[in-house]
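Visitor: Just one file: coords_22.txt, with compact mmCIF, C-alpha atoms and all ligand atoms.
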# COMPACT_ATOMS: atom_id res chain seq x y z
CA MET A 938 0.00 0.00 0.00
CA GLY A 939 1.38 3.41 -0.88
CA GLY A 940 -0.57 6.39 0.29
CA ILE A 941 -0.33 9.71 2.08
CA GLU A 942 0.96 9.40 5.63
CA PHE A 943 -1.35 10.69 8.36
CA LEU A 944 -1.66 10.61 12.13
CA LYS A 945 -4.64 11.29 14.35
CA GLY A 946 -4.25 13.19 17.59
CA HIS A 947 -6.09 15.38 20.04
CA GLY A 948 -5.60 17.95 22.78
CA THR A 949 -8.42 17.80 25.38
CA GLN A 950 -10.52 16.11 22.69
CA ASN A 951 -10.09 18.88 20.13
CA ASP A 952 -9.05 16.41 17.42
CA PHE A 953 -6.84 16.73 14.38
CA VAL A 954 -5.57 14.88 11.36
CA LEU A 955 -1.81 15.45 11.14
CA LEU A 956 -0.20 15.43 7.70
CA PRO A 957 3.61 15.20 7.75
CA ASP A 958 4.76 17.12 4.66
CA ALA A 959 8.30 18.38 5.31
CA ALA A 960 8.82 19.66 1.76
CA GLY A 961 5.40 21.31 1.49
CA ARG A 962 4.30 19.32 -1.55
CA LEU A 963 0.78 18.29 -0.55
CA GLU A 964 -2.03 20.14 -2.28
CA LEU A 965 -4.52 21.06 0.45
CA THR A 966 -7.74 22.17 -1.19
CA GLU A 967 -10.77 23.22 0.87
CA ALA A 968 -12.69 20.25 -0.52
CA ARG A 969 -9.95 17.81 0.49
CA ILE A 970 -9.72 19.18 4.06
CA ALA A 971 -13.50 19.12 4.45
CA ALA A 972 -13.62 15.50 3.20
CA LEU A 973 -10.76 14.43 5.52
CA CYS A 974 -12.47 16.02 8.54
CA ASP A 975 -15.90 14.60 7.73
CA ARG A 976 -16.75 12.05 10.45
CA HIS A 977 -18.72 9.82 8.06
CA ARG A 978 -16.93 9.86 4.71
CA GLY A 979 -13.42 10.76 5.91
CA LEU A 980 -11.16 10.31 8.94
CA GLY A 981 -13.08 12.80 11.07
CA ALA A 982 -11.52 15.75 12.92
CA ASP A 983 -12.04 19.35 14.02
CA GLY A 984 -9.11 20.39 11.86
CA VAL A 985 -5.93 19.49 10.00
CA LEU A 986 -2.34 20.17 11.06
CA ARG A 987 0.14 20.02 8.18
CA ILE A 988 3.72 19.63 9.41
CA VAL A 989 5.97 21.46 6.99
CA ARG A 990 9.47 22.95 7.19
CA ALA A 991 9.18 26.74 7.52
CA ALA A 992 11.97 27.12 4.95
CA ALA A 993 10.02 25.06 2.40
CA LEU A 994 7.32 27.77 2.41
CA GLU A 995 9.86 30.61 2.78
CA ILE A 996 8.42 31.52 6.20
CA ALA A 997 10.84 33.56 8.30
CA SER A 998 10.89 31.97 11.75
CA GLU A 999 13.20 30.97 14.57
CA GLY A 1000 11.43 27.62 14.41
CA GLU A 1001 12.25 24.84 11.98
CA TRP A 1002 8.64 23.64 11.61
CA PHE A 1003 5.51 25.52 10.51
CA MET A 1004 2.05 24.49 11.74
CA ASP A 1005 -0.25 24.86 8.74
CA TYR A 1006 -3.65 24.72 10.48
CA ARG A 1007 -6.98 24.35 8.65
CA ASN A 1008 -10.50 24.22 10.13
CA ALA A 1009 -12.81 21.28 9.40
CA ASP A 1010 -14.65 23.28 6.71
CA GLY A 1011 -11.34 23.85 4.88
CA SER A 1012 -10.89 27.46 5.97
CA ILE A 1013 -7.51 28.70 7.14
CA ALA A 1014 -7.08 30.06 10.69
CA GLU A 1015 -4.22 32.00 12.16
CA MET A 1016 -3.67 29.91 15.27
CA CYS A 1017 -4.78 26.80 17.13
CA GLY A 1018 -3.72 26.39 20.78
CA ASN A 1019 -4.67 22.73 21.16
CA GLY A 1020 -3.25 22.01 17.72
CA VAL A 1021 0.15 23.46 18.52
CA ARG A 1022 0.44 21.17 21.58
CA VAL A 1023 -0.35 18.10 19.46
CA PHE A 1024 2.01 19.38 16.74
CA ALA A 1025 4.83 19.75 19.28
CA ARG A 1026 4.21 16.31 20.71
CA TYR A 1027 4.36 14.81 17.21
CA LEU A 1028 7.71 16.52 16.55
CA VAL A 1029 9.20 15.09 19.77
CA ASP A 1030 7.69 11.60 19.38
CA SER A 1031 9.03 11.35 15.84
CA GLY A 1032 12.52 12.65 16.70
CA LEU A 1033 12.14 15.87 14.70
CA ALA A 1034 12.59 17.98 17.86
CA ALA A 1035 14.10 17.27 21.26
CA GLU A 1036 12.02 17.21 24.45
CA GLY A 1037 12.19 20.58 26.21
CA GLU A 1038 11.82 24.02 24.68
CA PHE A 1039 11.65 24.89 20.98
CA VAL A 1040 9.76 27.23 18.68
CA VAL A 1041 6.86 26.42 16.33
CA ALA A 1042 6.07 28.78 13.47
CA THR A 1043 2.36 29.61 13.01
CA ARG A 1044 0.41 32.13 10.94
CA ALA A 1045 0.07 34.19 14.15
CA GLY A 1046 3.86 34.24 14.57
CA ASP A 1047 6.42 32.16 16.42
CA ARG A 1048 5.15 30.25 19.45
CA PRO A 1049 7.61 28.87 22.05
CA VAL A 1050 6.61 25.45 23.35
CA VAL A 1051 7.90 23.24 26.16
CA VAL A 1052 7.27 19.50 25.84
CA HIS A 1053 7.41 18.13 29.38
CA PRO A 1054 8.66 14.65 30.37
CA ASP A 1055 5.03 13.43 30.68
CA ARG A 1056 4.48 14.75 27.13
CA SER A 1057 2.06 17.47 28.24
CA VAL A 1058 2.89 20.77 26.57
CA THR A 1059 3.07 24.42 27.61
CA VAL A 1060 2.73 26.99 24.82
CA GLY A 1061 3.66 30.66 24.93
CA MET A 1062 0.48 32.04 23.33
CA GLY A 1063 1.57 35.66 22.93
CA PRO A 1064 -0.69 38.55 23.90
CA ALA A 1065 -4.41 38.12 24.54
CA THR A 1066 -5.64 41.58 23.53
CA ILE A 1067 -9.04 42.93 24.57
CA THR A 1068 -10.42 44.68 21.47
CA GLY A 1069 -13.90 45.75 22.57
CA THR A 1070 -17.36 44.37 23.29
CA SER A 1071 -20.09 42.88 21.15
CA VAL A 1072 -23.17 40.67 21.35
CA THR A 1073 -23.88 37.11 20.31
CA VAL A 1074 -27.34 35.57 20.00
CA VAL A 1075 -27.93 31.92 20.96
CA ALA A 1076 -31.36 30.48 20.16
CA GLY A 1077 -32.83 33.99 20.09
CA ARG A 1078 -31.21 35.07 23.37
CA PRO A 1079 -28.60 37.87 23.29
CA PHE A 1080 -25.44 37.61 25.40
CA SER A 1081 -22.94 40.42 25.68
CA GLY A 1082 -19.31 39.50 25.30
CA VAL A 1083 -15.72 40.72 25.41
CA ALA A 1084 -13.82 40.58 22.11
CA VAL A 1085 -10.32 39.14 22.50
CA ASP A 1086 -7.60 38.72 19.88
CA VAL A 1087 -5.30 35.74 20.52
CA GLY A 1088 -3.92 35.77 17.00
CA ASN A 1089 -7.41 34.65 15.97
CA PRO A 1090 -10.71 36.36 16.92
CA HIS A 1091 -12.86 35.47 19.93
CA LEU A 1092 -15.97 36.81 21.62
CA VAL A 1093 -16.26 35.66 25.24
CA SER A 1094 -19.56 35.82 27.14
CA VAL A 1095 -19.09 35.39 30.89
CA LEU A 1096 -22.48 34.25 32.21
CA ASP A 1097 -23.53 34.66 35.83
CA ASP A 1098 -27.19 33.66 35.48
CA THR A 1099 -27.01 30.81 32.94
CA ASP A 1100 -25.23 27.47 33.25
CA VAL A 1101 -23.20 26.99 30.06
CA ALA A 1102 -24.30 23.33 30.10
CA ASP A 1103 -27.84 24.52 29.31
CA LEU A 1104 -26.96 26.37 26.08
CA ASP A 1105 -27.98 24.85 22.76
CA LEU A 1106 -24.94 25.36 20.52
CA ARG A 1107 -25.98 23.01 17.72
CA ASP A 1108 -26.74 25.93 15.39
CA GLN A 1109 -24.32 28.74 14.56
CA PRO A 1110 -24.94 31.52 17.12
CA ASP A 1111 -25.45 34.91 15.50
CA PHE A 1112 -22.87 37.67 15.85
CA ASP A 1113 -22.18 41.15 14.46
CA HIS A 1114 -20.60 40.61 11.05
CA ASP A 1115 -19.49 44.25 10.90
CA VAL A 1116 -17.41 43.71 14.06
CA PHE A 1117 -16.15 40.30 12.93
CA PRO A 1118 -16.05 40.38 9.10
CA ASN A 1119 -13.89 37.23 9.01
CA GLY A 1120 -16.03 35.32 11.51
CA VAL A 1121 -15.35 34.69 15.20
CA ASN A 1122 -14.96 31.92 17.75
CA LEU A 1123 -17.64 32.19 20.46
CA GLU A 1124 -16.92 31.18 24.07
CA PHE A 1125 -19.48 30.87 26.87
CA VAL A 1126 -18.03 30.86 30.37
CA ASN A 1127 -19.09 30.31 33.98
CA ARG A 1128 -16.90 31.41 36.87
CA LEU A 1129 -16.52 28.46 39.27
CA GLY A 1130 -14.51 30.32 41.92
CA GLU A 1131 -11.13 31.97 42.22
CA GLY A 1132 -8.92 30.88 39.33
CA ALA A 1133 -11.39 28.37 37.90
CA LEU A 1134 -13.63 28.65 34.83
CA ARG A 1135 -15.91 26.34 32.89
CA MET A 1136 -16.31 26.94 29.15
CA ARG A 1137 -18.12 25.77 26.03
CA VAL A 1138 -17.16 26.97 22.59
CA HIS A 1139 -18.59 27.29 19.10
CA GLU A 1140 -15.61 27.49 16.75
CA ARG A 1141 -15.42 29.40 13.51
CA GLY A 1142 -15.15 26.94 10.64
CA VAL A 1143 -16.01 23.91 12.79
CA GLY A 1144 -19.08 24.20 15.08
CA GLU A 1145 -19.18 23.22 18.74
CA THR A 1146 -15.94 21.49 19.74
CA ARG A 1147 -14.95 19.80 23.00
CA ALA A 1148 -12.10 22.27 23.55
CA CYS A 1149 -10.42 25.32 22.02
CA GLY A 1150 -6.99 26.36 23.29
CA THR A 1151 -7.02 29.92 21.99
CA GLY A 1152 -10.60 30.13 23.30
CA THR A 1153 -9.52 29.18 26.84
CA VAL A 1154 -6.84 31.89 26.77
CA ALA A 1155 -9.43 34.40 25.52
CA ALA A 1156 -11.85 33.27 28.27
CA VAL A 1157 -9.30 33.80 31.04
CA ALA A 1158 -8.24 37.18 29.63
CA ALA A 1159 -11.90 38.29 29.40
CA ALA A 1160 -12.77 37.07 32.91
CA PHE A 1161 -9.80 38.90 34.42
CA HIS A 1162 -10.60 42.00 32.34
CA LEU A 1163 -14.16 42.03 33.75
CA ALA A 1164 -12.70 41.68 37.26
CA GLY A 1165 -10.54 44.75 36.63
CA THR A 1166 -7.16 43.10 36.20
CA ASP A 1167 -5.04 41.84 33.31
CA THR A 1168 -2.85 39.34 35.14
CA GLY A 1169 -3.55 35.96 36.71
CA ALA A 1170 -3.84 32.20 36.33
CA SER A 1171 -6.87 29.97 35.95
CA THR A 1172 -7.89 26.45 35.14
CA VAL A 1173 -10.49 26.09 32.41
CA ASP A 1174 -12.77 23.05 32.35
CA ILE A 1175 -14.07 22.25 28.89
CA PRO A 1176 -16.10 19.22 27.81
CA GLY A 1177 -12.86 17.50 26.71
CA GLY A 1178 -10.88 18.00 29.93
CA ARG A 1179 -8.94 20.73 31.71
CA VAL A 1180 -6.20 23.17 30.70
CA GLU A 1181 -4.23 25.74 32.68
CA VAL A 1182 -3.87 29.30 31.45
CA THR A 1183 -1.86 32.29 32.59
CA VAL A 1184 -2.30 35.79 31.28
CA SER A 1185 -0.31 38.89 31.97
CA ARG A 1186 0.06 42.11 30.06
CA GLY A 1187 1.40 41.20 26.63
CA ALA A 1188 1.83 37.47 27.27
CA SER A 1189 -0.15 34.31 27.97
CA THR A 1190 0.52 30.59 28.34
CA LEU A 1191 -1.56 27.48 27.79
CA SER A 1192 -0.71 24.11 29.37
CA GLY A 1193 -2.42 20.82 28.76
CA PRO A 1194 -2.25 17.31 27.39
CA ALA A 1195 -1.43 16.30 23.83
CA GLU A 1196 -2.10 12.80 22.52
CA ILE A 1197 -1.20 10.93 19.36
CA VAL A 1198 -3.81 8.22 18.79
CA ALA A 1199 -3.10 6.50 15.48
CA ARG A 1200 -1.10 6.57 12.28
CA GLY A 1201 -1.76 5.22 8.81
CA GLU A 1202 -2.01 5.98 5.11
CA ILE A 1203 -4.71 7.77 3.16
CA ASP A 1204 -5.66 5.99 -0.03
CA ASP A 1205 -4.20 7.78 -3.07
CA ALA A 1206 -7.34 7.37 -5.18
CA TRP A 1207 -9.56 8.73 -2.37
CA TRP A 1208 -7.18 11.71 -1.95
CA ALA A 1209 -7.27 12.48 -5.67
CA ALA A 1210 -11.08 12.26 -5.84
CA ALA A 1211 -11.52 14.31 -2.64
CA GLY A 1212 -9.53 17.21 -4.05
CA SER A 1213 -11.98 18.19 -6.73
N1 LIG B 1 -9.36 24.78 18.19
C1 LIG B 1 -8.39 25.78 18.06
C2 LIG B 1 -8.76 26.99 17.27
C3 LIG B 1 -8.87 26.68 15.80
C4 LIG B 1 -9.10 27.89 14.92
C5 LIG B 1 -10.45 28.51 15.07
N2 LIG B 1 -11.54 27.61 14.74
C6 LIG B 1 -10.50 29.76 14.17
O1 LIG B 1 -11.06 29.70 13.07
O2 LIG B 1 -9.95 30.79 14.58
C7 LIG B 1 -7.62 26.06 19.34
O3 LIG B 1 -7.39 25.09 20.08
O4 LIG B 1 -7.19 27.19 19.54
Turn this file's structure into structure tokens for me.
Guide:
Amino acid sequence: MGGIEFLKGHGTQNDFVLLPDAAGRLELTEARIAALCDRHRGLGADGVLRIVRAAALEIASEGEWFMDYRNADGSIAEMCGNGVRVFARYLVDSGLAAEGEFVVATRAGDRPVVVHPDRSVTVGMGPATITGTSVTVVAGRPFSGVAVDVGNPHLVSVLDDTDVADLDLRDQPDFDHDVFPNGVNLEFVNRLGEGALRMRVHERGVGETRACGTGTVAAVAAAFHLAGTDTGASTVDIPGGRVEVTVSRGASTLSGPAEIVARGEIDDAWWAAAGS
């Protein structure tokens, strides 16, 4: 059998198809990504992580490897916090990077990562910048939110009178397209106590997912902002597990698990047909 190498992995159940492509030769069309991520006719995933040498795409970076992230609908996003942990774990497991600290290139810029001995990963997520406020509408009900830029766009609604478990996120919540012309990731958050949040998320280009790393950083930044500070640490419980986040002026970190589940080959004929 000769096919296209793939791996399957996840970070707190935000799951990805990994495509090792050091030389950057794979042709990733929107149709092909959407077919790969389809849970019935493809492998099934929230997104795709292509592993490509930064130099192969002429990307200026301190890092050797570029994370080419695509959402399940085939759209390109700037950054994926759970994805970068899984990406880093793949590099270490496969001997392409040494355990410890190294840099991963992303569309949002270089991200320093530390792969710990237990293979959990801490990522330097850069600034989480509060950019304003807006409103999202879920099943006809408006919720105000804090807009946060973590390299990609987020709108975080911190809810004091609604349990996030009770929200129906099956349909795309509405949002202000003038404020977010390129779409937005929508987070819904309950404060559980000091330094502890619970979150659900509806991701741009995917739908509801069981975790979103950039979303957890945005949630913590928004919760601290509403409490009148811009510095602190918090756990965030999402349906897929728990991550730890720190934010401080101009910098944030995300720590959590990263798992590689399987590896195999995609059938060449399926790949060719899926591209058109
Ligand atoms: N799940 C990701 C975020 C992926 C990108 C997002 N859907 C977007 O379009 O911005 C994460 O873990 O951060």
Visitor: Write out as JSON lines a residue-level contact list of chain A versus ligand LIG 1 (chain B) with cut-off 6 Å: for each qualifying residue the closest pair of atoms and the distance in Å to one decimal, counting only C-alpha atoms and all ligand atoms, rows sorted by chain and residue number upward.
Guide:
{"residue": "A:Asn1008", "atom": "CA", "partner": "B:LIG1", "partner_atom": "N2", "distance": 5.8}
{"residue": "A:Ala1014", "atom": "CA", "partner": "B:LIG1", "partner_atom": "O1", "distance": 4.7}
{"residue": "A:Met1016", "atom": "CA", "partner": "B:LIG1", "partner_atom": "C4", "distance": 5.8}
{"residue": "A:Cys1017", "atom": "CA", "partner": "B:LIG1", "partner_atom": "O4", "distance": 3.4}
{"residue": "A:Gly1018", "atom": "CA", "partner": "B:LIG1", "partner_atom": "O4", "distance": 3.8}
{"residue": "A:Asn1019", "atom": "CA", "partner": "B:LIG1", "partner_atom": "O3", "distance": 3.8}
{"residue": "A:Gly1020", "atom": "CA", "partner": "B:LIG1", "partner_atom": "O3", "distance": 5.7}
{"residue": "A:Asn1089", "atom": "CA", "partner": "B:LIG1", "partner_atom": "O2", "distance": 4.8}
{"residue": "A:Glu1140", "atom": "CA", "partner": "B:LIG1", "partner_atom": "N2", "distance": 4.5}
{"residue": "A:Arg1141", "atom": "CA", "partner": "B:LIG1", "partner_atom": "O1", "distance": 4.4}
{"residue": "A:Gly1142", "atom": "CA", "partner": "B:LIG1", "partner_atom": "O1", "distance": 5.5}
{"residue": "A:Cys1149", "atom": "CA", "partner": "B:LIG1", "partner_atom": "O3", "distance": 3.6}
{"residue": "A:Gly1150", "atom": "CA", "partner": "B:LIG1", "partner_atom": "O3", "distance": 3.5}
{"residue": "A:Thr1151", "atom": "CA", "partner": "B:LIG1", "partner_atom": "O4", "distance": 3.7}
{"residue": "A:Gly1152", "atom": "CA", "partner": "B:LIG1", "partner_atom": "O4", "distance": 5.9}
Visitor: Using all atoms listed in the file, which residues sit within 12 Å of stretch 1125-1130 of chain A once same-chain residues fewer than 3 positions away are excluded, as a ChimeraX atom specification?
Guide: /A:1072-1075,1080-1083,1091-1106,1110,1122,1133-1140,1145,1148-1149,1152-1161,1163-1164,1171-1175
Visitor: Given the selection you just returned, output its residues as a file containing C-alpha atoms, formatted as a short mmCIF file (atom, residue, chain, number, x, y, z; two decimals), in the coordinates of the input.
Guide:
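Done, and the output landed in again-v7.cif:
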data_model
loop_
_atom_site.label_atom_id
_atom_site.label_comp_id
_atom_site.auth_asym_id
_atom_site.auth_seq_id
_atom_site.Cartn_x
_atom_site.Cartn_y
_atom_site.Cartn_z
CA VAL A 1072 -23.17 40.67 21.35
CA THR A 1073 -23.88 37.11 20.31
CA VAL A 1074 -27.34 35.57 20.00
CA VAL A 1075 -27.93 31.92 20.96
CA PHE A 1080 -25.44 37.61 25.40
CA SER A 1081 -22.94 40.42 25.68
CA GLY A 1082 -19.31 39.50 25.30
CA VAL A 1083 -15.72 40.72 25.41
CA HIS A 1091 -12.86 35.47 19.93
CA LEU A 1092 -15.97 36.81 21.62
CA VAL A 1093 -16.26 35.66 25.24
CA SER A 1094 -19.56 35.82 27.14
CA VAL A 1095 -19.09 35.39 30.89
CA LEU A 1096 -22.48 34.25 32.21
CA ASP A 1097 -23.53 34.66 35.83
CA ASP A 1098 -27.19 33.66 35.48
CA THR A 1099 -27.01 30.81 32.94
CA ASP A 1100 -25.23 27.47 33.25
CA VAL A 1101 -23.20 26.99 30.06
CA ALA A 1102 -24.30 23.33 30.10
CA ASP A 1103 -27.84 24.52 29.31
CA LEU A 1104 -26.96 26.37 26.08
CA ASP A 1105 -27.98 24.85 22.76
CA LEU A 1106 -24.94 25.36 20.52
CA PRO A 1110 -24.94 31.52 17.12
CA ASN A 1122 -14.96 31.92 17.75
CA ALA A 1133 -11.39 28.37 37.90
CA LEU A 1134 -13.63 28.65 34.83
CA ARG A 1135 -15.91 26.34 32.89
CA MET A 1136 -16.31 26.94 29.15
CA ARG A 1137 -18.12 25.77 26.03
CA VAL A 1138 -17.16 26.97 22.59
CA HIS A 1139 -18.59 27.29 19.10
CA GLU A 1140 -15.61 27.49 16.75
CA GLU A 1145 -19.18 23.22 18.74
CA ALA A 1148 -12.10 22.27 23.55
CA CYS A 1149 -10.42 25.32 22.02
CA GLY A 1152 -10.60 30.13 23.30
CA THR A 1153 -9.52 29.18 26.84
CA VAL A 1154 -6.84 31.89 26.77
CA ALA A 1155 -9.43 34.40 25.52
CA ALA A 1156 -11.85 33.27 28.27
CA VAL A 1157 -9.30 33.80 31.04
CA ALA A 1158 -8.24 37.18 29.63
CA ALA A 1159 -11.90 38.29 29.40
CA ALA A 1160 -12.77 37.07 32.91
CA PHE A 1161 -9.80 38.90 34.42
CA LEU A 1163 -14.16 42.03 33.75
CA ALA A 1164 -12.70 41.68 37.26
CA SER A 1171 -6.87 29.97 35.95
CA THR A 1172 -7.89 26.45 35.14
CA VAL A 1173 -10.49 26.09 32.41
CA ASP A 1174 -12.77 23.05 32.35
CA ILE A 1175 -14.07 22.25 28.89
#
Visitor: If we count all atoms listed in the file and set the cut-off at 8 Å, which residues sit around stretch 1039-1047 of chain A, ignoring sequence neighbours fewer than 5 positions away in its own chain? Please answer as a list in words.
Guide: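 Contacts, with the query itself left out: Ala991, Ser998, Glu999, Gly1000, Glu1001, Trp1002, Phe1003, Met1004, Asp1005, Ala1014, Glu1015, Met1016, Val1021, Ala1025, Ala1034, Gly1088 and Asn1089 of chain A.
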Visitor: Could you tell me how far atom CA of A:Asp975 lies from atom CA of A:Ala1210, in Å and to one decimal?
Guide: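 Separating atom CA of A:Asp975 from atom CA of A:Ala1210 is a distance of 14.6 Å.
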Visitor: Please measure the separation of atom CA of A:Val1052 and atom CA of A:Arg1026, giving the value in Å to one decimal.
Guide: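 Atom-to-atom, atom CA of A:Val1052 and atom CA of A:Arg1026 are spaced 6.8 Å apart.
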Visitor: So, with all atoms listed in the file as the atoms that count, which of A:Gln1109, A:Gln950, A:Ser1192, A:Thr966 lies closest to A:Gly1077?
Guide: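 Result for the nearest residue to A:Gly1077: A:Gln1109.
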Visitor: With all atoms listed in the file as the basis for distance, which of A:Val1116, A:Leu1191, A:Ile996, A:Val989 is at the shortest distance from A:Leu1028?
Guide: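 Between A:Val1116, A:Leu1191, A:Ile996, A:Val989, the residue approaching A:Leu1028 most closely is A:Val989.
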Visitor: Quote the spacing between atom CA of A:Val1121 and atom CA of A:Thr1066 in Å to one decimal place.
Guide: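 Going from atom CA of A:Val1121 over to atom CA of A:Thr1066 covers 14.5 Å.
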Visitor: Counting only C-alpha atoms, figure out which residue out of A:Arg1022, A:Arg1007, A:Arg1179, A:His947 gets nearest to A:Ala968.
Guide: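 Among the listed residues, the smallest separation from A:Ala968 belongs to A:Arg1007.
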Visitor: Find the residue from A:Asp1167, A:Arg976, A:Asn1119, A:Gly940 that sits nearest to A:Trp1208; use all atoms listed in the file when measuring.
Guide: A:Gly940
Visitor: Would you compute an axis-aligned box for stretch 997-1002 of chain A, covering every atom listed for it in the file with 3 Å of margin on each side, and report centre and edge lengths in Å to one decimal as AutoDock Vina command-line options?
Guide:
--center_x 10.9 --center_y 28.6 --center_z 11.4 --size_x 10.6 --size_y 15.9 --size_z 12.3
Visitor: Let me make sure I understand: among A:Asn951, A:Thr1059, A:Ser1012, A:Thr1190, which one has the smallest atom-to-atom distance to A:Glu967 if we use all atoms listed in the file?
Guide: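 That would be A:Ser1012, the residue with the smallest distance to A:Glu967.
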Visitor: For A:Ala1170, please output as JSON, numbers by chain all residues within 8 Å (counting all atoms listed in the file; exclusion window: fewer than 2 positions along the same chain).
Guide: {"A": [1132, 1157, 1168, 1172, 1181, 1182, 1183, 1184]}
Visitor: Near A:Ser1057, counting only C-alpha atoms, which residues have an atom at most 6 Å away, once you skip same-chain residues fewer than 3 positions from it, shown as a PyMOL selection string?
Guide: chain A and resi 1053+1193-1195
Visitor: Would you kindly return, as an MDAnalysis selection string, each protein, DNA or RNA residue with an atom no farther than 10 Å from any atom of A:Leu963, considering all atoms listed in the file and excluding same-chain residues fewer than 3 positions away?
Guide: chainID A and resid 941 956:960 966 987 989
Visitor: Using all atoms listed in the file, which residue out of A:Thr1070, A:Val1029, A:Val1051, A:Gly1120 lies closest to A:Ile1013?
Guide: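 Closest candidate: A:Gly1120.
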Visitor: Find the residues of stretch 966-1058 of chain A that sit at most 10 Å from stretch 1196-1206 of chain A; for each, write down the nearest two atoms and how far apart they are in Å, to one decimal. Count all atoms listed in the file. Sort by chain, then by number going up, and give it as JSON lines.
Guide:
{"residue": "A:Leu973", "atom": "CA", "partner": "A:Ile1203", "partner_atom": "CA", "distance": 9.3}
{"residue": "A:Gly979", "atom": "CA", "partner": "A:Ile1203", "partner_atom": "CA", "distance": 9.6}
{"residue": "A:Leu980", "atom": "CA", "partner": "A:Ile1203", "partner_atom": "CA", "distance": 9.0}
{"residue": "A:Arg1022", "atom": "CA", "partner": "A:Glu1196", "partner_atom": "CA", "distance": 8.8}
{"residue": "A:Val1023", "atom": "CA", "partner": "A:Glu1196", "partner_atom": "CA", "distance": 6.4}
{"residue": "A:Phe1024", "atom": "CA", "partner": "A:Ile1197", "partner_atom": "CA", "distance": 9.4}
{"residue": "A:Arg1026", "atom": "CA", "partner": "A:Glu1196", "partner_atom": "CA", "distance": 7.4}
{"residue": "A:Tyr1027", "atom": "CA", "partner": "A:Ile1197", "partner_atom": "CA", "distance": 7.1}
{"residue": "A:Asp1030", "atom": "CA", "partner": "A:Ile1197", "partner_atom": "CA", "distance": 8.9}
{"residue": "A:Arg1056", "atom": "CA", "partner": "A:Glu1196", "partner_atom": "CA", "distance": 8.3}
{"residue": "A:Ser1057", "atom": "CA", "partner": "A:Glu1196", "partner_atom": "CA", "distance": 8.5}
Visitor: Take the residues just selected and output them with C-alpha atoms as an mmCIF file, in the coordinates of the input.
Guide:
data_model
loop_
_atom_site.group_PDB
_atom_site.id
_atom_site.type_symbol
_atom_site.label_atom_id
_atom_site.label_comp_id
_atom_site.auth_asym_id
_atom_site.auth_seq_id
_atom_site.Cartn_x
_atom_site.Cartn_y
_atom_site.Cartn_z
ATOM 1 C CA LEU A 973 -10.760 14.430 5.520
ATOM 2 C CA GLY A 979 -13.420 10.760 5.910
ATOM 3 C CA LEU A 980 -11.160 10.310 8.940
ATOM 4 C CA ARG A 1022 0.440 21.170 21.580
ATOM 5 C CA VAL A 1023 -0.350 18.100 19.460
ATOM 6 C CA PHE A 1024 2.010 19.380 16.740
ATOM 7 C CA ARG A 1026 4.210 16.310 20.710
ATOM 8 C CA TYR A 1027 4.360 14.810 17.210
ATOM 9 C CA ASP A 1030 7.690 11.600 19.380
ATOM 10 C CA ARG A 1056 4.480 14.750 27.130
ATOM 11 C CA SER A 1057 2.060 17.470 28.240
#
